[in-house]
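Data block for input06.pdb (PDB, C-alpha atoms):
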```pdb
ATOM      1  CA  MET A   1      -1.986  94.086  61.597
ATOM      2  CA  LYS A   2       1.239  95.385  63.032
ATOM      3  CA  THR A   3       1.460  95.928  66.737
ATOM      4  CA  MET A   4       2.944  99.198  67.954
ATOM      5  CA  SER A   5       5.775  98.907  70.484
ATOM      6  CA  VAL A   6       5.124 100.728  73.705
ATOM      7  CA  ILE A   7       8.010 102.634  75.301
ATOM      8  CA  THR A   8       7.719 102.204  79.001
ATOM      9  CA  PRO A   9       8.919 104.932  81.415
ATOM     10  CA  ARG A  10      11.793 102.700  82.503
ATOM     11  CA  ARG A  11      12.931 102.177  78.914
ATOM     12  CA  ARG A  12      12.566 105.898  78.209
ATOM     13  CA  ARG A  13      14.743 106.625  81.226
ATOM     14  CA  ASN A  14      17.401 104.144  80.044
ATOM     15  CA  ILE A  15      17.397 105.714  76.564
ATOM     16  CA  GLY A  16      17.842 109.166  78.133
ATOM     17  CA  ILE A  17      20.763 107.945  80.232
ATOM     18  CA  ALA A  18      22.434 106.385  77.187
ATOM     19  CA  LEU A  19      22.007 109.585  75.155
ATOM     20  CA  THR A  20      23.386 111.633  78.049
ATOM     21  CA  LYS A  21      26.465 109.415  78.270
ATOM     22  CA  LYS A  22      27.067 109.674  74.513
ATOM     23  CA  THR A  23      26.642 113.454  74.589
ATOM     24  CA  GLY A  24      29.036 113.719  77.527
ATOM     25  CA  LEU A  25      31.598 111.579  75.721
ATOM     26  CA  VAL A  26      31.440 113.888  72.684
ATOM     27  CA  PHE A  27      32.271 116.906  74.863
ATOM     28  CA  VAL A  28      34.996 115.094  76.810
ATOM     29  CA  LEU A  29      36.643 113.505  73.757
ATOM     30  CA  PRO A  30      38.641 116.616  72.659
ATOM     31  CA  ALA A  31      40.112 116.951  76.156
ATOM     32  CA  LEU A  32      41.003 113.254  76.186
ATOM     33  CA  VAL A  33      42.741 113.585  72.822
ATOM     34  CA  LEU A  34      44.774 116.580  74.016
ATOM     35  CA  PHE A  35      45.653 114.749  77.244
ATOM     36  CA  ALA A  36      46.773 111.663  75.328
ATOM     37  CA  VAL A  37      48.892 113.623  72.828
ATOM     38  CA  PHE A  38      50.525 116.200  75.086
ATOM     39  CA  ILE A  39      50.684 114.453  78.492
ATOM     40  CA  PHE A  40      50.190 110.690  78.406
ATOM     41  CA  TYR A  41      52.336 110.007  75.334
ATOM     42  CA  PRO A  42      55.308 112.129  76.547
ATOM     43  CA  LEU A  43      55.096 110.451  79.964
ATOM     44  CA  MET A  44      55.201 106.984  78.464
ATOM     45  CA  THR A  45      58.003 108.037  76.120
ATOM     46  CA  ALA A  46      60.112 109.384  78.998
ATOM     47  CA  LEU A  47      59.467 106.189  80.945
ATOM     48  CA  SER A  48      60.668 104.022  78.064
ATOM     49  CA  TYR A  49      63.711 106.241  77.445
ATOM     50  CA  SER A  50      64.790 105.895  81.077
ATOM     51  CA  PHE A  51      65.402 102.146  80.645
ATOM     52  CA  TYR A  52      67.952 102.541  77.851
ATOM     53  CA  ASN A  53      71.470 103.891  77.452
ATOM     54  CA  TRP A  54      71.827 106.633  74.857
ATOM     55  CA  THR A  55      74.649 107.965  72.733
ATOM     56  CA  GLY A  56      73.452 111.422  71.859
ATOM     57  CA  ILE A  57      70.045 110.848  70.273
ATOM     58  CA  VAL A  58      70.814 107.246  69.285
ATOM     59  CA  ARG A  59      69.281 104.629  71.567
ATOM     60  CA  GLY A  60      71.689 101.990  72.789
ATOM     61  CA  GLU A  61      71.289  98.774  74.750
ATOM     62  CA  PHE A  62      68.648  98.084  77.357
ATOM     63  CA  ALA A  63      69.918  99.347  80.740
ATOM     64  CA  SER A  64      67.091  98.138  82.991
ATOM     65  CA  PHE A  65      67.304 100.287  86.173
ATOM     66  CA  GLY A  66      70.879 101.388  85.451
ATOM     67  CA  ASN A  67      69.968 105.035  84.912
ATOM     68  CA  TYR A  68      68.084 105.115  88.210
ATOM     69  CA  VAL A  69      71.047 103.563  90.026
ATOM     70  CA  THR A  70      73.291 106.251  88.510
ATOM     71  CA  LEU A  71      71.153 109.007  90.048
ATOM     72  CA  PHE A  72      71.770 107.757  93.594
ATOM     73  CA  THR A  73      75.310 106.394  93.331
ATOM     74  CA  GLN A  74      77.308 108.707  91.053
ATOM     75  CA  LEU A  75      78.359 112.341  91.318
ATOM     76  CA  PRO A  76      77.039 114.934  90.854
ATOM     77  CA  TYR A  77      73.547 113.417  91.011
ATOM     78  CA  LYS A  78      73.792 111.765  94.424
ATOM     79  CA  THR A  79      74.504 115.141  96.046
ATOM     80  CA  GLN A  80      72.424 117.406  93.815
ATOM     81  CA  ILE A  81      69.205 115.371  93.984
ATOM     82  CA  PRO A  82      68.841 115.533  97.822
ATOM     83  CA  ASN A  83      69.768 119.236  97.782
ATOM     84  CA  ALA A  84      67.217 120.048  95.080
ATOM     85  CA  PHE A  85      64.543 117.884  96.712
ATOM     86  CA  VAL A  86      64.917 119.704 100.043
ATOM     87  CA  HIS A  87      64.472 123.027  98.248
ATOM     88  CA  ASN A  88      61.290 121.748  96.573
ATOM     89  CA  VAL A  89      59.931 120.715  99.969
ATOM     90  CA  MET A  90      60.824 124.130 101.410
ATOM     91  CA  LEU A  91      59.057 125.756  98.474
ATOM     92  CA  PHE A  92      55.938 123.700  99.103
ATOM     93  CA  ALA A  93      55.944 124.321 102.859
ATOM     94  CA  GLY A  94      56.467 128.063 102.440
ATOM     95  CA  ALA A  95      53.791 128.390  99.752
ATOM     96  CA  MET A  96      51.301 126.366 101.812
ATOM     97  CA  LEU A  97      51.942 128.468 104.917
ATOM     98  CA  PHE A  98      51.612 131.692 102.953
ATOM     99  CA  GLN A  99      48.497 130.705 101.003
ATOM    100  CA  ASN A 100      46.602 129.095 103.882
ATOM    101  CA  THR A 101      47.207 132.048 106.207
ATOM    102  CA  ILE A 102      47.538 135.210 104.111
ATOM    103  CA  GLY A 103      45.377 133.839 101.295
ATOM    104  CA  LEU A 104      42.623 132.620 103.598
ATOM    105  CA  GLY A 105      42.784 135.821 105.639
ATOM    106  CA  LEU A 106      42.449 137.997 102.546
ATOM    107  CA  ALA A 107      39.577 135.866 101.239
ATOM    108  CA  THR A 108      37.774 136.211 104.586
ATOM    109  CA  LEU A 109      38.229 139.986 104.639
ATOM    110  CA  LEU A 110      37.054 140.340 101.038
ATOM    111  CA  HIS A 111      34.052 138.128 101.772
ATOM    112  CA  ARG A 112      32.945 140.591 104.449
ATOM    113  CA  LEU A 113      33.734 143.618 102.304
ATOM    114  CA  LYS A 114      30.744 145.274 100.686
ATOM    115  CA  ARG A 115      32.421 147.880  98.476
ATOM    116  CA  PHE A 116      35.354 147.489  96.062
ATOM    117  CA  LYS A 117      35.295 143.699  96.539
ATOM    118  CA  ARG A 118      35.746 142.933  92.843
ATOM    119  CA  PHE A 119      38.485 145.528  92.544
ATOM    120  CA  PHE A 120      40.614 143.975  95.290
ATOM    121  CA  GLN A 121      39.990 140.462  93.994
ATOM    122  CA  THR A 122      41.259 141.587  90.597
ATOM    123  CA  MET A 123      44.333 143.231  92.122
ATOM    124  CA  PHE A 124      45.274 140.093  94.065
ATOM    125  CA  THR A 125      44.726 137.935  90.983
ATOM    126  CA  LEU A 126      46.785 139.999  88.525
ATOM    127  CA  PRO A 127      50.217 138.521  89.481
ATOM    128  CA  TYR A 128      48.733 135.039  89.023
ATOM    129  CA  LEU A 129      47.950 135.914  85.391
ATOM    130  CA  VAL A 130      51.497 137.079  84.556
ATOM    131  CA  SER A 131      54.102 134.627  83.279
ATOM    132  CA  PRO A 132      56.193 133.247  86.185
ATOM    133  CA  LEU A 133      59.357 133.851  84.170
ATOM    134  CA  VAL A 134      58.486 137.544  83.842
ATOM    135  CA  VAL A 135      57.659 137.751  87.546
ATOM    136  CA  GLY A 136      60.998 136.169  88.440
ATOM    137  CA  TYR A 137      63.015 138.568  86.275
ATOM    138  CA  LEU A 138      61.126 141.585  87.649
ATOM    139  CA  TRP A 139      61.852 140.542  91.235
ATOM    140  CA  SER A 140      65.510 139.914  90.397
ATOM    141  CA  LEU A 141      65.724 143.548  89.249
ATOM    142  CA  MET A 142      63.888 144.824  92.310
ATOM    143  CA  LEU A 143      66.234 142.919  94.638
ATOM    144  CA  SER A 144      69.428 143.998  92.885
ATOM    145  CA  PRO A 145      71.995 145.217  95.458
ATOM    146  CA  LEU A 146      73.176 147.939  93.031
ATOM    147  CA  PHE A 147      69.996 149.618  91.785
ATOM    148  CA  GLY A 148      67.109 147.610  93.226
ATOM    149  CA  PRO A 149      64.321 149.622  94.901
ATOM    150  CA  VAL A 150      64.017 147.164  97.828
ATOM    151  CA  ASN A 151      67.461 147.915  99.252
ATOM    152  CA  PHE A 152      67.057 151.602  98.370
ATOM    153  CA  VAL A 153      63.886 151.861 100.446
ATOM    154  CA  LEU A 154      65.467 150.003 103.370
ATOM    155  CA  LYS A 155      68.441 152.368 103.369
ATOM    156  CA  SER A 156      66.177 155.395 103.027
ATOM    157  CA  VAL A 157      64.269 154.544 106.224
ATOM    158  CA  GLY A 158      67.411 153.799 108.213
ATOM    159  CA  LEU A 159      67.337 149.986 107.953
ATOM    160  CA  ASP A 160      70.744 149.675 106.333
ATOM    161  CA  ALA A 161      71.456 146.471 108.254
ATOM    162  CA  LEU A 162      68.620 144.727 106.414
ATOM    163  CA  ALA A 163      69.829 145.780 102.968
ATOM    164  CA  GLN A 164      71.815 142.931 101.474
ATOM    165  CA  PRO A 165      72.384 140.965  98.260
ATOM    166  CA  TRP A 166      69.226 138.882  98.636
ATOM    167  CA  LEU A 167      69.940 136.623  95.683
ATOM    168  CA  GLY A 168      73.682 136.481  96.293
ATOM    169  CA  ASN A 169      73.459 135.160  99.847
ATOM    170  CA  PRO A 170      72.885 131.364 100.025
ATOM    171  CA  SER A 171      71.011 131.720 103.317
ATOM    172  CA  THR A 172      68.391 134.081 101.872
ATOM    173  CA  ALA A 173      68.222 133.111  98.181
ATOM    174  CA  ILE A 174      65.897 130.112  98.591
ATOM    175  CA  TRP A 175      63.550 132.122 100.808
ATOM    176  CA  VAL A 176      63.357 134.772  98.114
ATOM    177  CA  VAL A 177      62.238 132.044  95.700
ATOM    178  CA  VAL A 178      59.648 130.882  98.254
ATOM    179  CA  PHE A 179      58.357 134.421  98.798
ATOM    180  CA  VAL A 180      58.143 135.331  95.104
ATOM    181  CA  THR A 181      56.362 132.052  94.292
ATOM    182  CA  ALA A 182      53.856 132.487  97.125
ATOM    183  CA  TRP A 183      53.354 136.159  96.242
ATOM    184  CA  GLN A 184      52.488 135.358  92.651
ATOM    185  CA  TRP A 185      50.104 132.488  93.398
ATOM    186  CA  VAL A 186      48.290 133.926  96.437
ATOM    187  CA  GLY A 187      45.541 135.215  94.151
ATOM    188  CA  PHE A 188      44.429 131.677  93.339
ATOM    189  CA  PRO A 189      43.569 130.626  96.935
ATOM    190  CA  VAL A 190      41.972 134.039  97.488
ATOM    191  CA  LEU A 191      39.531 133.302  94.655
ATOM    192  CA  LEU A 192      39.016 129.673  95.647
ATOM    193  CA  TYR A 193      38.460 130.401  99.333
ATOM    194  CA  GLY A 194      36.246 133.321  98.403
ATOM    195  CA  ALA A 195      34.022 131.028  96.335
ATOM    196  CA  ALA A 196      33.937 128.463  99.174
ATOM    197  CA  LEU A 197      33.012 131.139 101.720
ATOM    198  CA  GLY A 198      30.247 132.365  99.426
ATOM    199  CA  GLY A 199      28.799 128.843  99.350
ATOM    200  CA  ILE A 200      28.360 128.626 103.140
ATOM    201  CA  PRO A 201      24.743 129.439 104.102
ATOM    202  CA  GLU A 202      24.488 132.545 106.275
ATOM    203  CA  GLU A 203      21.853 130.812 108.400
ATOM    204  CA  ILE A 204      24.519 128.561 109.916
ATOM    205  CA  ASN A 205      26.627 131.481 111.122
ATOM    206  CA  GLU A 206      23.532 133.291 112.339
ATOM    207  CA  ALA A 207      22.449 130.244 114.354
ATOM    208  CA  ALA A 208      25.921 129.971 115.888
ATOM    209  CA  SER A 209      25.826 133.676 116.733
ATOM    210  CA  LEU A 210      22.456 133.300 118.436
ATOM    211  CA  ASP A 211      23.930 130.457 120.490
ATOM    212  CA  GLY A 212      26.541 132.876 121.823
ATOM    213  CA  ALA A 213      29.529 131.891 119.691
ATOM    214  CA  SER A 214      32.165 134.592 119.231
ATOM    215  CA  PRO A 215      33.421 135.524 115.722
ATOM    216  CA  TRP A 216      36.568 133.417 116.274
ATOM    217  CA  GLN A 217      34.503 130.441 117.508
ATOM    218  CA  ARG A 218      32.199 130.720 114.484
ATOM    219  CA  PHE A 219      35.189 130.720 112.141
ATOM    220  CA  ARG A 220      36.965 127.869 113.936
ATOM    221  CA  ASP A 221      33.991 125.565 114.517
ATOM    222  CA  VAL A 222      31.664 126.433 111.620
ATOM    223  CA  THR A 223      33.427 128.133 108.729
ATOM    224  CA  PHE A 224      36.826 126.419 108.736
ATOM    225  CA  PRO A 225      35.510 122.808 108.680
ATOM    226  CA  MET A 226      33.390 123.691 105.643
ATOM    227  CA  LEU A 227      36.491 124.956 103.857
ATOM    228  CA  ILE A 228      38.244 121.579 103.990
ATOM    229  CA  PRO A 229      37.356 120.674 100.356
ATOM    230  CA  ALA A 230      38.837 123.985  99.191
ATOM    231  CA  ILE A 231      41.880 123.487 101.429
ATOM    232  CA  GLY A 232      42.390 120.056  99.860
ATOM    233  CA  THR A 233      42.276 121.519  96.353
ATOM    234  CA  VAL A 234      44.723 124.287  97.260
ATOM    235  CA  SER A 235      47.046 121.769  98.944
ATOM    236  CA  VAL A 236      47.186 119.428  95.948
ATOM    237  CA  LEU A 237      47.684 122.187  93.382
ATOM    238  CA  THR A 238      50.274 123.935  95.565
ATOM    239  CA  PHE A 239      52.191 120.682  95.969
ATOM    240  CA  ILE A 240      52.185 119.995  92.236
ATOM    241  CA  GLY A 241      53.247 123.559  91.463
ATOM    242  CA  ALA A 242      56.046 123.512  94.060
ATOM    243  CA  MET A 243      57.478 120.184  92.889
ATOM    244  CA  GLU A 244      57.336 121.253  89.226
ATOM    245  CA  ALA A 245      58.708 124.758  89.898
ATOM    246  CA  PHE A 246      61.012 125.922  87.136
ATOM    247  CA  PRO A 247      60.414 129.472  85.752
ATOM    248  CA  ILE A 248      60.845 131.461  88.977
ATOM    249  CA  PRO A 249      63.908 129.505  90.253
ATOM    250  CA  TYR A 250      65.412 129.762  86.758
ATOM    251  CA  ALA A 251      64.804 133.516  86.569
ATOM    252  CA  LEU A 252      66.191 134.169  90.054
ATOM    253  CA  GLY A 253      69.091 131.700  90.176
ATOM    254  CA  GLY A 254      69.764 130.559  86.638
ATOM    255  CA  SER A 255      70.033 126.976  85.469
ATOM    256  CA  MET A 256      72.724 126.210  88.086
ATOM    257  CA  GLY A 257      70.525 127.291  91.005
ATOM    258  CA  SER A 258      72.940 130.034  92.051
ATOM    259  CA  PRO A 259      74.416 130.948  94.411
ATOM    260  CA  ALA A 260      76.209 127.650  95.065
ATOM    261  CA  GLY A 261      73.086 125.572  94.391
ATOM    262  CA  ALA A 262      71.063 127.464  97.017
ATOM    263  CA  THR A 263      68.069 127.844  94.671
ATOM    264  CA  ASP A 264      68.409 124.509  92.883
ATOM    265  CA  VAL A 265      65.227 122.461  92.392
ATOM    266  CA  LEU A 266      64.507 119.161  90.673
ATOM    267  CA  SER A 267      63.225 120.742  87.467
ATOM    268  CA  LEU A 268      66.453 122.725  87.120
ATOM    269  CA  LEU A 269      68.445 119.542  87.689
ATOM    270  CA  PHE A 270      66.450 117.840  84.957
ATOM    271  CA  TYR A 271      67.054 120.787  82.610
ATOM    272  CA  ARG A 272      70.811 120.801  83.259
ATOM    273  CA  THR A 273      71.064 117.060  82.812
ATOM    274  CA  ALA A 274      69.126 117.055  79.554
ATOM    275  CA  PHE A 275      70.558 120.152  77.850
ATOM    276  CA  GLU A 276      73.711 121.379  79.603
ATOM    277  CA  SER A 277      75.497 118.369  81.080
ATOM    278  CA  GLY A 278      77.274 117.310  77.900
ATOM    279  CA  SER A 279      76.793 113.673  78.930
ATOM    280  CA  SER A 280      76.460 111.138  76.142
ATOM    281  CA  ASN A 281      73.646 109.483  78.122
ATOM    282  CA  ALA A 282      71.801 112.727  78.876
ATOM    283  CA  ILE A 283      68.496 111.440  77.511
ATOM    284  CA  GLY A 284      68.463 108.298  79.651
ATOM    285  CA  THR A 285      69.506 110.032  82.880
ATOM    286  CA  SER A 286      67.196 113.028  82.474
ATOM    287  CA  SER A 287      64.286 110.714  81.602
ATOM    288  CA  ALA A 288      64.932 108.825  84.837
ATOM    289  CA  ILE A 289      64.785 112.098  86.790
ATOM    290  CA  ALA A 290      61.522 113.062  85.069
ATOM    291  CA  THR A 291      59.984 109.654  85.765
ATOM    292  CA  LEU A 292      60.904 109.698  89.460
ATOM    293  CA  LEU A 293      59.573 113.239  89.807
ATOM    294  CA  PHE A 294      56.275 112.296  88.173
ATOM    295  CA  LEU A 295      55.822 109.191  90.310
ATOM    296  CA  PHE A 296      56.515 111.157  93.492
ATOM    297  CA  ILE A 297      54.111 113.966  92.551
ATOM    298  CA  PHE A 298      51.411 111.519  91.493
ATOM    299  CA  GLY A 299      51.719 109.376  94.623
ATOM    300  CA  VAL A 300      51.739 112.253  97.118
ATOM    301  CA  SER A 301      48.869 114.018  95.307
ATOM    302  CA  ILE A 302      46.757 110.863  95.561
ATOM    303  CA  PHE A 303      47.584 110.606  99.277
ATOM    304  CA  ILE A 304      46.701 114.265  99.971
ATOM    305  CA  THR A 305      43.413 113.893  98.105
ATOM    306  CA  TRP A 306      42.552 110.715 100.038
ATOM    307  CA  PHE A 307      43.487 112.287 103.365
ATOM    308  CA  MET A 308      41.437 115.456 102.779
ATOM    309  CA  ARG A 309      38.388 113.503 101.593
ATOM    310  CA  ARG A 310      38.641 111.311 104.668
ATOM    311  CA  ALA A 311      38.766 114.405 106.865
ATOM    312  CA  GLU A 312      35.770 115.806 104.986
ATOM    313  CA  ARG A 313      33.717 112.629 105.525
ATOM    314  CA  ARG A 314      34.366 112.780 109.255
ATOM    315  CA  LEU A 315      32.568 116.118 109.383
ATOM    316  CA  TYR A 316      29.282 114.795 108.012
TER     317      TYR A 316
END
```
Output the file's structure in the form of structure tokens.
Amino acid sequence: MKTMSVITPRRRRNIGIALTKKTGLVFVLPALVLFAVFIFYPLMTALSYSFYNWTGIVRGEFASFGNYVTLFTQLPYKTQIPNAFVHNVMLFAGAMLFQNTIGLGLATLLHRLKRFKRFFQTMFTLPYLVSPLVVGYLWSLMLSPLFGPVNFVLKSVGLDALAQPWLGNPSTAIWVVVFVTAWQWVGFPVLLYGAALGGIPEEINEAASLDGASPWQRFRDVTFPMLIPAIGTVSVLTFIGAMEAFPIPYALGGSMGSPAGATDVLSLLFYRTAFESGSSNAIGTSSAIATLLFLFIFGVSIFITWFMRRAERRLY
């Protein structure tokens, strides 16, 4: 007589966990395949290319770190890389300041708004959904010193002194890039902060109000600390976007970062090196730029994430 095996609750639980893991892997597998094909493989290819000398598209001898040494010892790279890097940092700082003040302020106002909330959220999000290249070209037309509406309005209200060639002046061109970038992407932190504000229980604010806390004290001591996870997400994504910025600087300043390199960023430098430099070793040098940019973005993003999670743990 055969004995029937008894499935204990513990074994049933282990079987359920195993099935859950397999089901999760099935859903994650397509994303992993796309990541491997379109991100991981190109990254590894660029890394390998950066260690060789190239003659056109023909790979030459192994150069070790020769291409990296070229970037910091030979013209024009040793002057253009620091200039472009500073502009990327300015872009990040300006976007962070804009999004964590204007964006957070708008999200707070919309959170308190009872009517037309969805309408205003949609309006603030619309620029975020438009191609950055299109946004850049539209702003270049609006800021034209000949027929742009911005200078026309300034002159119409008697502010002729403020009307100027915004994209032709090296002292203002980079700030135009910062403003246009922050303007387009402000809708993202508005949505993210709005979702985070919606997840804060109203009982906490009510208890603080009953204890005599003013609206500013409630925001500073109750609401803001609970927004740290959202602030961390916005910070990381803003940093990645600022360091990878290409469409808007390209639309506003061209591939040379005009005027006089005032709008140059690292992605433009990579583009010029790879496709416009005419160098026989363009592939090796541009791959070295791409590799350094990736390593810097990856390292700083990991640090920001660690720092924000550490700050979050201190709150609880």
Report, in Å to a single decimal, how far apart atom CA of Met142 of chain A and atom CA of Val86 of chain A are.
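Atom CA of Met142 of chain A lies 26.3 Å from atom CA of Val86 of chain A.
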Centre and edges of the segment 113-123 of chain A box, axis-aligned, 8 Å extra per side, as JSON:
```
{"center_x": 37.5, "center_y": 144.2, "center_z": 96.5, "size_x": 29.6, "size_y": 23.4, "size_z": 27.7}
```
Residues selected by the PyMOL selection byres ((chain A and resi 87-104) around 6), written as an MDAnalysis selection string
chainID A and resid 84:86 105:107 178 182 186 189:190 239 242:243 265
Separation of atom CA of Trp166 of chain A and atom CA of Thr181 of chain A, in Å?
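A separation of 15.2 Å between them.
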With a distance cut-off of 12 Å and only C-alpha atoms, select the neighbouring residues of segment 167-173 of chain A, excluding the residue or stretch itself and same-chain residues fewer than 3 positions from it, and output the selection as a PyMOL selection string.
chain A and resi 87+91+136-137+139-146+148+162-164+176-180+248-249+251-254+257-264
Could you tell me which residues the PyMOL selection byres ((chain A and resi 244) around 10) returns for this structure, as a ChimeraX atom specification?
/A:88,238-243,245-247,265-268,293-294,297
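Interatomic distance, atom CA of Pro132 of chain A to atom CA of Ile304 of chain A: 25.3 Å.
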Considering only C-alpha atoms, tabulate each residue of segment 281-309 of chain A that lies at most 10 Å from segment 66-83 of chain A along with its nearest interatomic pair and the corresponding distance in Å to one decimal; arrange the rows by chain and ascending residue number and present them as a tab-separated table.
```
residue	atom	partner	partner_atom	distance
A:Asn281	CA	A:Asn67	CA	8.9
A:Ala282	CA	A:Asn67	CA	9.9
A:Ile283	CA	A:Asn67	CA	9.9
A:Gly284	CA	A:Asn67	CA	6.4
A:Thr285	CA	A:Asn67	CA	5.4
A:Ser286	CA	A:Asn67	CA	8.8
A:Ser287	CA	A:Asn67	CA	8.7
A:Ala288	CA	A:Tyr68	CA	5.9
A:Ile289	CA	A:Leu71	CA	7.8
A:Thr291	CA	A:Tyr68	CA	9.6
A:Leu292	CA	A:Tyr68	CA	8.6
```
Counting all atoms listed in the file, closest pick from A:Phe124, A:Phe147, A:Tyr250, A:Phe303 relative to Phe188 of chain A is A:Phe124
